[in-house]
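Enquirer: Sharing input.txt, compact mmCIF, C-alpha atoms:
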```
# COMPACT_ATOMS: atom_id res chain seq x y z
CA GLY A 1 33.42 -52.85 -34.49
CA ALA A 2 33.90 -49.13 -35.03
CA GLU A 3 37.41 -47.78 -34.49
CA LEU A 4 38.96 -44.35 -34.03
CA ASP A 5 42.69 -44.63 -33.45
CA THR A 6 46.10 -43.05 -33.88
CA SER A 7 49.32 -45.03 -33.47
CA THR A 8 53.06 -44.90 -33.94
CA THR A 9 55.74 -47.48 -34.68
CA GLY A 10 58.44 -44.82 -34.67
CA ILE A 11 61.85 -44.45 -33.09
CA GLY A 12 63.46 -41.12 -32.23
CA ASP A 13 62.30 -37.51 -32.02
CA GLY A 14 58.95 -36.69 -33.59
CA ALA A 15 57.77 -40.31 -33.51
CA ASP A 16 54.79 -39.74 -31.20
CA ALA A 17 51.27 -40.89 -31.96
CA GLY A 18 48.68 -38.19 -32.65
CA ASN A 19 46.02 -36.97 -30.25
CA ILE A 20 42.29 -37.67 -30.41
CA ILE A 21 40.31 -34.47 -29.81
CA ILE A 22 36.52 -34.42 -29.80
CA ARG A 23 34.37 -31.30 -29.36
CA ALA A 24 30.62 -31.84 -29.35
CA SER A 25 27.71 -29.63 -28.33
CA ASP A 26 25.58 -32.64 -27.41
CA ILE A 27 26.30 -36.34 -26.72
CA VAL A 28 29.45 -38.39 -27.42
CA SER A 29 28.72 -42.12 -27.33
CA PHE A 30 30.91 -45.23 -27.71
CA ASP A 31 28.75 -48.35 -27.67
CA GLY A 32 29.94 -51.93 -28.16
CA GLN A 33 26.37 -52.84 -29.17
CA SER A 34 26.91 -56.62 -29.23
CA ASN A 35 29.23 -59.44 -28.19
CA ALA A 36 30.97 -59.34 -31.57
CA SER A 37 31.41 -55.60 -31.98
CA THR A 38 33.35 -53.16 -29.84
CA SER A 39 33.75 -49.42 -30.38
CA VAL A 40 37.24 -48.16 -29.62
CA ALA A 41 38.95 -44.78 -29.54
CA ALA A 42 42.66 -45.48 -29.10
CA THR A 43 46.05 -43.86 -29.36
CA LEU A 44 48.98 -46.18 -28.84
CA THR A 45 52.55 -47.22 -29.60
CA GLN A 46 53.08 -50.54 -31.31
CA THR A 47 55.60 -52.43 -33.44
CA ASP A 48 55.31 -52.77 -37.21
CA GLY A 49 57.16 -56.11 -37.14
CA SER A 50 60.54 -54.72 -38.19
CA THR A 51 61.51 -53.77 -34.63
CA SER A 52 60.82 -55.04 -31.16
CA GLU A 53 57.91 -53.29 -29.44
CA PHE A 54 60.35 -52.28 -26.69
CA GLU A 55 62.46 -50.30 -29.20
CA VAL A 56 59.56 -48.01 -30.07
CA THR A 57 60.30 -44.70 -28.33
CA GLY A 58 57.34 -42.58 -29.41
CA ASP A 59 54.74 -41.51 -26.86
CA ALA A 60 51.09 -42.43 -27.18
CA GLY A 61 48.83 -39.43 -27.79
CA ASP A 62 46.22 -37.83 -25.54
CA ILE A 63 42.46 -38.24 -25.67
CA ASP A 64 40.58 -34.98 -25.06
CA ILE A 65 36.77 -34.90 -25.06
CA GLN A 66 34.43 -31.98 -24.33
CA ALA A 67 30.68 -32.46 -24.67
CA ARG A 68 27.34 -32.22 -22.90
CA SER A 69 27.61 -35.89 -21.95
CA LEU A 70 29.77 -38.96 -22.63
CA SER A 71 28.70 -42.61 -22.55
CA VAL A 72 30.98 -45.66 -22.87
CA THR A 73 28.82 -48.78 -22.84
CA ASP A 74 28.58 -52.49 -23.67
CA GLY A 75 32.29 -53.19 -23.98
CA ALA A 76 33.37 -49.96 -25.71
CA ARG A 77 36.76 -48.56 -24.71
CA LEU A 78 38.80 -45.34 -24.73
CA LEU A 79 42.50 -46.20 -24.58
CA THR A 80 45.89 -44.52 -24.63
CA TYR A 81 48.65 -47.08 -24.28
CA SER A 82 52.41 -47.51 -24.66
CA THR A 83 54.18 -50.84 -25.00
CA GLY A 84 57.73 -49.53 -25.30
CA ALA A 85 59.97 -46.76 -23.99
CA GLY A 86 57.41 -44.03 -24.72
CA ASN A 87 54.84 -42.77 -22.24
CA ALA A 88 51.10 -43.32 -22.31
CA GLY A 89 49.02 -40.23 -23.02
CA ASP A 90 46.63 -38.39 -20.74
CA ILE A 91 42.85 -38.66 -20.94
CA ARG A 92 40.84 -35.50 -20.33
CA VAL A 93 37.06 -35.50 -20.27
CA LYS A 94 34.93 -32.44 -19.52
CA THR A 95 31.14 -32.59 -19.80
CA THR A 96 28.46 -30.30 -18.48
CA GLU A 97 26.01 -33.06 -17.53
CA SER A 98 27.27 -36.64 -17.14
CA VAL A 99 29.75 -39.40 -17.87
CA ILE A 100 28.33 -42.94 -17.93
CA ILE A 101 30.57 -46.05 -18.14
CA SER A 102 28.64 -49.29 -18.00
CA GLY A 103 28.58 -52.91 -19.10
CA ILE A 104 30.85 -55.81 -19.99
CA VAL A 105 30.46 -58.40 -22.76
CA PRO A 106 32.21 -61.75 -23.46
CA ALA A 107 35.56 -61.21 -25.20
CA THR A 108 35.71 -62.26 -28.86
CA GLU A 109 38.40 -62.47 -31.52
CA SER A 110 36.92 -59.43 -33.24
CA VAL A 111 37.83 -57.12 -30.34
CA LEU A 112 40.54 -54.65 -31.30
CA PHE A 113 44.05 -55.26 -29.87
CA SER A 114 43.33 -58.92 -29.07
CA GLY A 115 46.04 -60.40 -26.85
CA THR A 116 47.25 -57.10 -25.38
CA PRO A 117 47.43 -56.53 -21.59
CA PHE A 118 44.31 -54.39 -21.43
CA GLU A 119 42.28 -57.07 -23.20
CA ASN A 120 42.58 -59.21 -20.07
CA ILE A 121 41.75 -56.67 -17.37
CA ILE A 122 38.54 -58.60 -16.88
CA THR A 123 38.95 -62.35 -17.38
CA ASN A 124 37.12 -63.69 -20.46
CA THR A 125 35.24 -60.42 -20.89
CA THR A 126 35.68 -57.00 -22.39
CA SER A 127 34.96 -54.12 -20.03
CA SER A 128 33.49 -50.76 -20.88
CA LEU A 129 36.62 -48.86 -20.07
CA ILE A 130 38.53 -45.58 -20.01
CA LEU A 131 42.21 -46.54 -19.70
CA SER A 132 45.69 -45.03 -19.75
CA GLY A 133 48.44 -47.60 -19.31
CA THR A 134 51.81 -49.10 -20.15
CA GLY A 135 53.19 -52.57 -20.66
CA GLY A 136 54.58 -54.81 -23.37
CA PHE A 137 52.55 -57.24 -25.47
CA GLY A 138 54.92 -60.10 -24.64
CA SER A 139 57.12 -59.47 -21.61
CA PRO A 140 55.85 -56.34 -19.85
CA GLY A 141 58.99 -56.21 -17.69
CA ASN A 142 60.92 -54.70 -20.62
CA SER A 143 58.57 -51.75 -21.04
CA THR A 144 59.75 -48.47 -19.48
CA GLY A 145 57.08 -45.88 -20.34
CA LYS A 146 55.11 -43.99 -17.71
CA GLY A 147 51.35 -44.22 -17.41
CA GLY A 148 49.24 -41.20 -18.26
CA ASN A 149 46.81 -39.31 -16.04
CA ILE A 150 43.02 -39.40 -16.30
CA ASN A 151 41.14 -36.20 -15.51
CA ILE A 152 37.35 -36.09 -15.57
CA GLU A 153 35.17 -33.06 -14.83
CA THR A 154 31.41 -33.56 -14.97
CA GLY A 155 28.13 -33.28 -13.12
CA ILE A 156 27.22 -36.95 -12.59
CA LEU A 157 29.83 -39.68 -13.02
CA LYS A 158 28.33 -43.18 -12.95
CA LEU A 159 30.27 -46.43 -13.29
CA SER A 160 28.13 -49.58 -13.20
CA ASP A 161 27.95 -53.24 -14.21
CA GLY A 162 31.71 -53.65 -14.63
CA GLY A 163 32.36 -50.22 -16.18
CA ALA A 164 35.77 -48.92 -15.15
CA ILE A 165 38.25 -46.04 -15.19
CA SER A 166 41.82 -47.33 -15.04
CA ALA A 167 45.31 -45.82 -14.88
CA ARG A 168 47.61 -48.85 -14.77
CA SER A 169 51.23 -49.81 -15.32
CA LEU A 170 52.60 -53.16 -16.42
CA SER A 171 56.00 -51.53 -16.95
CA VAL A 172 58.86 -50.61 -14.63
CA ALA A 173 57.56 -47.01 -14.45
CA GLU A 174 54.72 -45.68 -12.33
CA ALA A 175 51.05 -45.68 -13.23
CA GLY A 176 49.21 -42.41 -13.80
CA ASN A 177 46.86 -40.61 -11.43
CA VAL A 178 43.08 -40.38 -11.63
CA ASN A 179 41.49 -37.01 -10.79
CA LEU A 180 37.71 -36.69 -10.63
CA ASN A 181 35.90 -33.38 -10.15
CA VAL A 182 32.18 -34.08 -10.03
CA LYS A 183 28.87 -33.16 -8.47
CA GLU A 184 28.00 -36.80 -7.77
CA LEU A 185 29.98 -40.05 -8.09
CA GLU A 186 28.17 -43.39 -8.22
CA LEU A 187 29.99 -46.75 -8.33
CA ILE A 188 27.51 -49.65 -8.39
CA ASN A 189 27.34 -53.35 -9.33
CA GLY A 190 31.06 -53.70 -10.03
CA GLY A 191 31.71 -50.14 -11.19
CA GLN A 192 35.35 -49.38 -10.42
CA ASP A 193 37.85 -46.53 -10.45
CA PHE A 194 41.35 -47.85 -10.05
CA THR A 195 45.03 -47.20 -10.50
CA LYS A 196 47.19 -50.30 -10.44
CA ALA A 197 50.83 -51.37 -10.65
CA SER A 198 51.63 -54.91 -11.81
CA ASN A 199 55.41 -54.65 -12.21
CA THR A 200 58.06 -52.59 -10.39
CA GLY A 201 56.36 -49.23 -10.98
CA ALA A 202 54.21 -47.70 -8.23
CA ALA A 203 50.45 -47.32 -8.41
CA GLY A 204 49.13 -43.80 -8.96
CA ASN A 205 46.86 -41.73 -6.73
CA ILE A 206 43.10 -41.24 -6.91
CA THR A 207 41.59 -37.88 -5.99
CA VAL A 208 37.84 -37.34 -5.90
CA ASN A 209 36.30 -33.91 -5.33
CA ALA A 210 32.52 -34.19 -5.13
CA ILE A 211 30.14 -31.29 -4.49
CA ASP A 212 27.36 -33.61 -3.34
CA THR A 213 27.60 -37.35 -2.69
CA ILE A 214 29.79 -40.39 -3.37
CA SER A 215 27.94 -43.72 -3.41
CA ILE A 216 29.73 -47.10 -3.57
CA SER A 217 27.57 -50.22 -3.56
CA GLY A 218 27.28 -53.75 -4.92
CA PHE A 219 29.50 -56.14 -6.85
CA ASP A 220 29.82 -58.16 -10.07
CA SER A 221 30.99 -61.76 -9.66
CA ARG A 222 32.45 -61.79 -13.20
CA LEU A 223 35.26 -59.41 -12.18
CA PRO A 224 38.66 -60.41 -10.69
CA ILE A 225 37.90 -57.88 -7.95
CA PRO A 226 34.11 -58.13 -7.77
CA GLU A 227 33.38 -55.21 -5.45
CA SER A 228 32.43 -51.74 -6.61
CA GLY A 229 34.92 -49.20 -5.38
CA LEU A 230 38.03 -47.07 -5.49
CA PHE A 231 41.31 -49.02 -5.71
CA ALA A 232 44.93 -47.80 -5.70
CA ASN A 233 46.64 -51.17 -5.46
CA SER A 234 49.85 -52.96 -6.40
CA SER A 235 49.48 -56.60 -7.39
CA SER A 236 53.15 -57.12 -8.22
CA SER A 237 55.35 -59.72 -6.54
CA GLU A 238 58.07 -57.03 -6.55
CA THR A 239 58.43 -54.41 -3.80
CA THR A 240 56.13 -51.68 -5.07
CA ASN A 241 54.01 -49.06 -3.32
CA ALA A 242 50.27 -48.67 -3.48
CA GLY A 243 48.81 -45.24 -4.26
CA ASN A 244 46.86 -42.84 -2.07
CA ILE A 245 43.13 -42.16 -2.24
CA ASN A 246 41.98 -38.63 -1.40
CA ILE A 247 38.28 -37.92 -1.06
CA ASN A 248 36.65 -34.54 -0.56
CA ALA A 249 32.86 -34.78 -0.31
CA PRO A 250 30.13 -33.84 2.19
CA SER A 251 28.67 -37.39 2.08
CA VAL A 252 30.21 -40.79 1.33
CA PHE A 253 27.98 -43.91 1.36
CA ILE A 254 29.54 -47.41 1.23
CA ASN A 255 27.35 -50.50 1.51
CA ASN A 256 26.58 -53.95 0.07
CA GLN A 257 30.28 -54.92 -0.29
CA GLY A 258 31.42 -51.57 -1.69
CA LYS A 259 35.12 -51.01 -1.07
CA ILE A 260 37.92 -48.42 -0.87
CA SER A 261 41.36 -50.05 -0.97
CA THR A 262 45.07 -49.23 -1.12
CA GLU A 263 46.85 -52.59 -0.94
CA THR A 264 50.23 -54.01 -1.87
CA ASN A 265 51.83 -57.44 -1.69
CA SER A 266 55.24 -56.05 -0.81
CA GLY A 267 55.95 -52.36 -0.19
CA ASN A 268 54.09 -49.48 1.40
CA GLY A 269 50.33 -49.41 1.47
CA GLY A 270 48.74 -46.11 0.54
CA ASN A 271 46.78 -43.64 2.65
CA ILE A 272 43.03 -43.11 2.50
CA ASN A 273 42.16 -39.52 3.31
CA LEU A 274 38.52 -38.60 3.86
```
As structure tokens, how would this structure be written, given the file I've shared?

Expert:
Amino acid sequence: GAELDTSTTGIGDGADAGNIIIRASDIVSFDGQSNASTSVAATLTQTDGSTSEFEVTGDAGDIDIQARSLSVTDGARLLTYSTGAGNAGDIRVKTTESVIISGIVPATESVLFSGTPFENIITNTTSSLILSGTGGFGSPGNSTGKGGNINIETGILKLSDGGAISARSLSVAEAGNVNLNVKELELINGGQDFTKASNTGAAGNITVNAIDTISISGFDSRLPIPESGLFANSSSSETTNAGNININAPSVFINNQGKISTETNSGNGGNINL
């Protein structure tokens, strides 16, 4: 599949990965197109084989996109990820019309970064995904980098058919926050916006500011959490806190198994503020 990536294997000052910056007057599209081909824009830290991945200290870069609209479909992914001591980057998207994230396809060996933690966010499938996260390839408990934040400003934000926005941490540090400033937000048929902690780091917060409506409806049985929704959860067996979900909108519609959740196995559950 098509790839656009920056990476670092460096140790010490100045060893950060580069940023991905896209400025377009019209449409920016990442489309997986088929089961055997996935488009990826990624900035990450990784080992070159001469050092352990946990010794890499450089930060992953940021992804910054401004356009009329953005679509991430059919298994395509935008990723900023750190597997070592460095931090994940931030993702910033600003469009005048819409952001569409939709579709999952069966995972194949041709998918970039096969075997990494974000490959398995959806079991046996590859999700259309915008992700900032941390965690090691082998033992994520040794990773110490912080997750990055995801900030999206657009008119219509639609996540459907397994499409997801994710700020997650598999490391000992906290996950990033997700901030959405939109006219309308639609999460349908397994569309999900989540921040998640799977180690000792806390989950981040989700803030949604909508001028018009927020609609959450439906599910996708292929997903580990099948419901459409907003999730700021901790799935760790350690004592970790869930995040908070803050919603500012004149109308919020939740039906057909749609869900808003701040859960933890051990620790403090988050607040949901409407």

Enquirer: Calculated over all atoms listed in the file, which of the candidates A:Val28, A:Ile91, A:Ala249, A:Ile188 has the smallest distance to Phe219 (chain A)?

Expert: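 Of A:Val28, A:Ile91, A:Ala249, A:Ile188, the one nearest Phe219 (chain A), counting all atoms listed in the file, is A:Ile188.
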
Enquirer: Excluding same-chain residues fewer than 4 positions from region 62-68 of chain A, what lies within 7 Å of it counting all atoms listed in the file, as a PDB file with C-alpha atoms, in the frame of the given file?

Expert:
```
ATOM      1  CA  ASN A  19      46.020 -36.970 -30.250  1.00  0.00           C
ATOM      2  CA  ILE A  20      42.290 -37.670 -30.410  1.00  0.00           C
ATOM      3  CA  ILE A  21      40.310 -34.470 -29.810  1.00  0.00           C
ATOM      4  CA  ILE A  22      36.520 -34.420 -29.800  1.00  0.00           C
ATOM      5  CA  ARG A  23      34.370 -31.300 -29.360  1.00  0.00           C
ATOM      6  CA  ALA A  24      30.620 -31.840 -29.350  1.00  0.00           C
ATOM      7  CA  SER A  25      27.710 -29.630 -28.330  1.00  0.00           C
ATOM      8  CA  ASP A  26      25.580 -32.640 -27.410  1.00  0.00           C
ATOM      9  CA  ILE A  27      26.300 -36.340 -26.720  1.00  0.00           C
ATOM     10  CA  VAL A  28      29.450 -38.390 -27.420  1.00  0.00           C
ATOM     11  CA  THR A  80      45.890 -44.520 -24.630  1.00  0.00           C
ATOM     12  CA  GLY A  89      49.020 -40.230 -23.020  1.00  0.00           C
ATOM     13  CA  ASP A  90      46.630 -38.390 -20.740  1.00  0.00           C
ATOM     14  CA  ILE A  91      42.850 -38.660 -20.940  1.00  0.00           C
ATOM     15  CA  ARG A  92      40.840 -35.500 -20.330  1.00  0.00           C
ATOM     16  CA  VAL A  93      37.060 -35.500 -20.270  1.00  0.00           C
ATOM     17  CA  LYS A  94      34.930 -32.440 -19.520  1.00  0.00           C
ATOM     18  CA  THR A  95      31.140 -32.590 -19.800  1.00  0.00           C
ATOM     19  CA  THR A  96      28.460 -30.300 -18.480  1.00  0.00           C
ATOM     20  CA  GLU A  97      26.010 -33.060 -17.530  1.00  0.00           C
TER      21      GLU A  97
END
```

Enquirer: Quick one: of A:Gly176, A:Gly147, A:Gly103, A:Gly18, who's nearest to Leu159 (chain A), counting all atoms listed in the file?

Expert: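 For Leu159 (chain A), the nearest of the given residues is A:Gly103.
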
Enquirer: So what do you get for CA of Gly218 (chain A) versus CA of Gly162 (chain A), distance-wise?

Expert: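 Spanning CA of Gly218 (chain A) to CA of Gly162 (chain A) is a straight-line distance of 10.7 Å.
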
Enquirer: Between A:Phe30, A:Ser82, A:Lys183, A:Asn268, which residue has the minimum interatomic distance to Ile156 (chain A), considering all atoms listed in the file?

Expert: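 So, comparing all the options, the nearest one is A:Lys183.
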
Enquirer: For a test of reading the model, state the distance in Å between CA of Asn179 (chain A) and CA of Gly204 (chain A), rounded to one decimal.

Expert: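 Separating CA of Asn179 (chain A) from CA of Gly204 (chain A) is a distance of 10.4 Å.
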